[in-house]
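Note sheet for the following structure.
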Amino acid sequence: MPFEINHGLGRFNSKRDLHAALGIPLSAAPGEIRKRYLKIAKTLHPDSRDDESGKKMASDLLSKFVNPAYEVLSQEKEREEYQVILRLLEKQLLTANIVPTPTFDLAQEVFNATNVEEAYHRALNTLAQDQYKDLNNALKISEQISELNLIYLWRSAGGQATAATPSVSTPAAAAKSEATTQGHATPVATPGTTPSTEVSKTEQFTEQYFRRAEELFNKGIYLEAIKELKDALKIDPRSARCHALLGKVYLQQGSLSMAKIHFNQALKLNPQEVMAIQGLEAINKKERQAQKQQKSTEPPKPEQKKFSFFGLFGKK
């Protein structure tokens, strides 16, 4: 089974939320991270399970879900890079006018709380206590924690709950919210929006993706940069800048054919796109160098013997 978080913060970050996998707050210190990991590792130890299926599931959760999260958050450099992504997402939530939709009671409490910090930690601790007790519910609880993380980020960025926010205190309301949103964050519609305003908002939204991708590219995190740019192009396929940067990422990875496609598309949309022009020049240079190298390594052709008429019938 895939160990992915398709809910809450995970939906905005490549189907993962490292803090949710460990059941720790986004502000957790290194000591807190290690302490929580050791506790989970003890809970998921195969010897703590009686049946074989339980042992396998515990082992899979530990190796494929918990360990990868701990490997990132336990390393200072990688943890800082991950925090950069979260800070960029925090800004994006308000810039793009995105409001999370609470789907269960604890999430609703954090969404509406006066003291967000206190409500967030209380709700998270409640969920973390049961996170790995029942292995069949481990992913579900992790996704609920990821929803808390998304709401906490939004509130930390300055998001404010409104009186119109739907309540999920009843099972029926919670089921309806789960069925319609499944933890998605939804853009708030603005009455009387003109087409020009929509265009500017689209450009503003893709600009956030572009900046995140540029920062990830500069840090050498190419796969995440590609994802950010592809998401941006889903919103605005005519963004020459995004095509150009995507070509640059592919070029850095050595994928010349994919780089060419996006550089050419960028120039089709904007013939003056400098990044694309420079990118194609770099590709042409690489291809010329490769051709020269190929010629220099080719074995010399064998010389053909020349025969004259007299040579054929001459004396032996």
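Chain identifiers are assigned as A, B, and so on, following the order in which chains appear in the structure tokens; residues are numbered from 1 within each chain, and ligands are numbered from 1 in order of appearance.
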For this session: Name all residues at most 7 Å from Gly247 of chain A (count only C-alpha atoms; drop same-chain ones fewer than 3 positions away) and give them as a list in words.
Result: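 Result of the neighbour search: His243, Ala244, Tyr250, Leu251, Met258, Ala259, Lys260, His262 and Phe263 of chain A.
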What does the file look like for those residues with N, CA, C and O atoms, as a CSV table (one decimal), in the first residue's frame?
```csv
chain,number,residue,atom,x,y,z
A,243,HIS,N,8.0,27.9,-18.2
A,243,HIS,CA,8.6,26.9,-19.2
A,243,HIS,C,10.1,27.1,-19.3
A,243,HIS,O,10.8,26.1,-19.4
A,244,ALA,N,10.5,28.3,-19.3
A,244,ALA,CA,12.0,28.6,-19.4
A,244,ALA,C,12.7,28.0,-18.2
A,244,ALA,O,13.8,27.3,-18.3
A,250,TYR,N,15.7,20.9,-16.3
A,250,TYR,CA,16.0,19.7,-17.1
A,250,TYR,C,17.4,19.7,-17.7
A,250,TYR,O,18.0,18.7,-17.7
A,251,LEU,N,17.8,20.9,-18.1
A,251,LEU,CA,19.2,21.0,-18.6
A,251,LEU,C,20.2,20.7,-17.6
A,251,LEU,O,21.2,20.0,-17.8
A,258,MET,N,14.0,17.1,-23.1
A,258,MET,CA,13.0,17.8,-22.3
A,258,MET,C,13.3,19.3,-22.2
A,258,MET,O,12.4,20.1,-22.2
A,259,ALA,N,14.5,19.6,-22.0
A,259,ALA,CA,14.9,21.0,-21.9
A,259,ALA,C,14.6,21.8,-23.1
A,259,ALA,O,14.1,22.9,-23.1
A,260,LYS,N,14.9,21.2,-24.3
A,260,LYS,CA,14.6,21.8,-25.6
A,260,LYS,C,13.1,22.1,-25.7
A,260,LYS,O,12.7,23.2,-26.2
A,262,HIS,N,10.8,22.7,-23.5
A,262,HIS,CA,10.3,23.8,-22.7
A,262,HIS,C,10.9,25.1,-23.1
A,262,HIS,O,10.3,26.2,-23.0
A,263,PHE,N,12.2,25.1,-23.5
A,263,PHE,CA,12.8,26.3,-24.0
A,263,PHE,C,12.1,26.8,-25.3
A,263,PHE,O,11.8,28.0,-25.4
```
For this session: Write out as a count of residues only each polymer residue whose atoms come within 12 Å of segment 115-131 of chain A, counting only C-alpha atoms; drop sequence neighbours fewer than 3 positions from it.
Result: 55
For this session: Check segment 228-301 of chain A with DSSP on the backbone and list each residue it calls alpha helix (DSSP H), as a PyMOL selection string.
Result: chain A and resi 228-235+240-253+256-269+274-297
